[in-house]
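Notes for the one structure printed next.
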Amino acid sequence: MSPVATIIWFVGIAFWIKFLLDIRKRPELKKSWFLPFLIIGFVCALLGIGIGLLVLCGVYWYKAGRISPSDGAENSNPFN
């Protein structure tokens, strides 16, 4: 892997782990986001696809991560 790809991979891993920990803290997101986020991220990490990890984290951040837990908004499964 080139140095740039390695840096992107490490950044993707860092964001993925941070968002996994955030998802586990929120029960309404844990039901619909945790398992798909874990599996897709794990596959991207094993294959060395750092861009895929960043895209996955961006989708989470845009769709569910910005919703505050106090809203009480029900989050449907985004992977359907």
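To be explicit about the labels: the chains of the structure tokens are called A, B, and onward in the order shown, and within each one the residues are counted from 1, while ligands get numbers from 1 in the order they are shown.
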
Would you kindly return, as a compact mmCIF listing (two decimals) with N, CA and C atoms, in the first residue's frame, each protein, DNA or RNA residue with an atom no farther than 6 Å from any atom of segment 49-65 of chain A, considering only C-alpha atoms and excluding same-chain residues fewer than 5 positions away?
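What ended up in out-v8.txt:
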# COMPACT_ATOMS: atom_id res chain seq x y z
N ILE A 8 -5.07 7.03 4.81
CA ILE A 8 -6.53 7.02 4.64
C ILE A 8 -7.14 5.83 5.37
N TRP A 9 -6.49 4.67 5.29
CA TRP A 9 -6.99 3.48 5.97
C TRP A 9 -7.01 3.68 7.48
N GLY A 12 -9.76 6.08 8.41
CA GLY A 12 -11.03 5.37 8.31
C GLY A 12 -11.28 4.46 9.50
N GLY A 41 -18.03 -2.37 7.96
CA GLY A 41 -16.74 -1.77 8.32
C GLY A 41 -15.64 -2.81 8.47
N CYS A 44 -14.55 -3.86 4.97
CA CYS A 44 -13.72 -2.81 4.37
C CYS A 44 -12.33 -2.76 5.01

Can you list every residue in chain A that DSSP puts in helix (DSSP H, G or I), as an MDAnalysis selection string?
chainID A and resid 3:25 27:30 34:47 50:65 69:71

For atom CA of Leu46 of chain A and atom CA of Glu28 of chain A, quote the distance in Å rounded to one decimal.
27.9 Å

Shell of 8 Å around Leu29 of chain A, only C-alpha atoms, local chain residues under 4 positions omitted, as a PDB file with all heavy atoms, in the first residue's frame:
ATOM      1  N   ILE A  23     -22.433   4.508  18.615  1.00  0.00           N
ATOM      2  CA  ILE A  23     -23.655   3.741  18.335  1.00  0.00           C
ATOM      3  C   ILE A  23     -23.998   2.849  19.531  1.00  0.00           C
ATOM      4  O   ILE A  23     -25.159   2.735  19.904  1.00  0.00           O
ATOM      5  CB  ILE A  23     -23.483   2.891  17.058  1.00  0.00           C
ATOM      6  CG1 ILE A  23     -23.424   3.778  15.823  1.00  0.00           C
ATOM      7  CG2 ILE A  23     -24.627   1.882  16.914  1.00  0.00           C
ATOM      8  CD1 ILE A  23     -23.000   3.047  14.564  1.00  0.00           C
ATOM      9  N   ARG A  24     -23.001   2.234  20.138  1.00  0.00           N
ATOM     10  CA  ARG A  24     -23.264   1.342  21.273  1.00  0.00           C
ATOM     11  C   ARG A  24     -23.841   2.075  22.468  1.00  0.00           C
ATOM     12  O   ARG A  24     -24.527   1.488  23.288  1.00  0.00           O
ATOM     13  CB  ARG A  24     -21.982   0.633  21.683  1.00  0.00           C
ATOM     14  CG  ARG A  24     -21.601  -0.428  20.665  1.00  0.00           C
ATOM     15  CD  ARG A  24     -20.591  -1.355  21.193  1.00  0.00           C
ATOM     16  NE  ARG A  24     -21.177  -2.125  22.288  1.00  0.00           N
ATOM     17  CZ  ARG A  24     -20.475  -2.820  23.148  1.00  0.00           C
ATOM     18  NH1 ARG A  24     -19.163  -2.832  23.047  1.00  0.00           N
ATOM     19  NH2 ARG A  24     -21.050  -3.498  24.104  1.00  0.00           N
ATOM     20  N   TRP A  33     -28.393   0.198  13.618  1.00  0.00           N
ATOM     21  CA  TRP A  33     -27.141   0.582  12.978  1.00  0.00           C
ATOM     22  C   TRP A  33     -25.960  -0.309  13.335  1.00  0.00           C
ATOM     23  O   TRP A  33     -25.035  -0.451  12.531  1.00  0.00           O
ATOM     24  CB  TRP A  33     -26.775   2.017  13.365  1.00  0.00           C
ATOM     25  CG  TRP A  33     -27.497   3.044  12.576  1.00  0.00           C
ATOM     26  CD1 TRP A  33     -28.701   3.596  12.878  1.00  0.00           C
ATOM     27  CD2 TRP A  33     -27.078   3.643  11.360  1.00  0.00           C
ATOM     28  NE1 TRP A  33     -29.052   4.504  11.927  1.00  0.00           N
ATOM     29  CE2 TRP A  33     -28.077   4.564  10.983  1.00  0.00           C
ATOM     30  CE3 TRP A  33     -25.976   3.493  10.554  1.00  0.00           C
ATOM     31  CZ2 TRP A  33     -27.975   5.312   9.824  1.00  0.00           C
ATOM     32  CZ3 TRP A  33     -25.888   4.258   9.408  1.00  0.00           C
ATOM     33  CH2 TRP A  33     -26.884   5.152   9.056  1.00  0.00           C
ATOM     34  N   PHE A  34     -25.920  -0.870  14.538  1.00  0.00           N
ATOM     35  CA  PHE A  34     -24.682  -1.478  15.023  1.00  0.00           C
ATOM     36  C   PHE A  34     -24.221  -2.654  14.177  1.00  0.00           C
ATOM     37  O   PHE A  34     -23.079  -2.681  13.712  1.00  0.00           O
ATOM     38  CB  PHE A  34     -24.813  -1.891  16.489  1.00  0.00           C
ATOM     39  CG  PHE A  34     -23.527  -2.420  17.054  1.00  0.00           C
ATOM     40  CD1 PHE A  34     -22.510  -1.551  17.383  1.00  0.00           C
ATOM     41  CD2 PHE A  34     -23.324  -3.777  17.224  1.00  0.00           C
ATOM     42  CE1 PHE A  34     -21.309  -2.015  17.889  1.00  0.00           C
ATOM     43  CE2 PHE A  34     -22.128  -4.255  17.728  1.00  0.00           C
ATOM     44  CZ  PHE A  34     -21.123  -3.366  18.067  1.00  0.00           C
ATOM     45  N   ALA A  64     -27.754   9.526  10.921  1.00  0.00           N
ATOM     46  CA  ALA A  64     -28.174   9.250  12.293  1.00  0.00           C
ATOM     47  C   ALA A  64     -27.320   9.925  13.351  1.00  0.00           C
ATOM     48  O   ALA A  64     -27.821  10.231  14.417  1.00  0.00           O
ATOM     49  CB  ALA A  64     -28.174   7.748  12.539  1.00  0.00           C
ATOM     50  N   ASN A  75     -35.317   5.832  14.455  1.00  0.00           N
ATOM     51  CA  ASN A  75     -34.473   5.653  13.278  1.00  0.00           C
ATOM     52  C   ASN A  75     -34.760   4.305  12.660  1.00  0.00           C
ATOM     53  O   ASN A  75     -34.594   3.278  13.299  1.00  0.00           O
ATOM     54  CB  ASN A  75     -32.986   5.721  13.665  1.00  0.00           C
ATOM     55  CG  ASN A  75     -32.586   7.096  14.085  1.00  0.00           C
ATOM     56  OD1 ASN A  75     -33.084   8.072  13.542  1.00  0.00           O
ATOM     57  ND2 ASN A  75     -31.701   7.198  15.055  1.00  0.00           N
TER      58      ASN A  75
END

Nearest to Ile17 of chain A: which of A:Leu38, A:Val43, A:Pro3, A:Arg66 is it, counting only C-alpha atoms?
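Closest to Ile17 of chain A of all the choices is A:Leu38.
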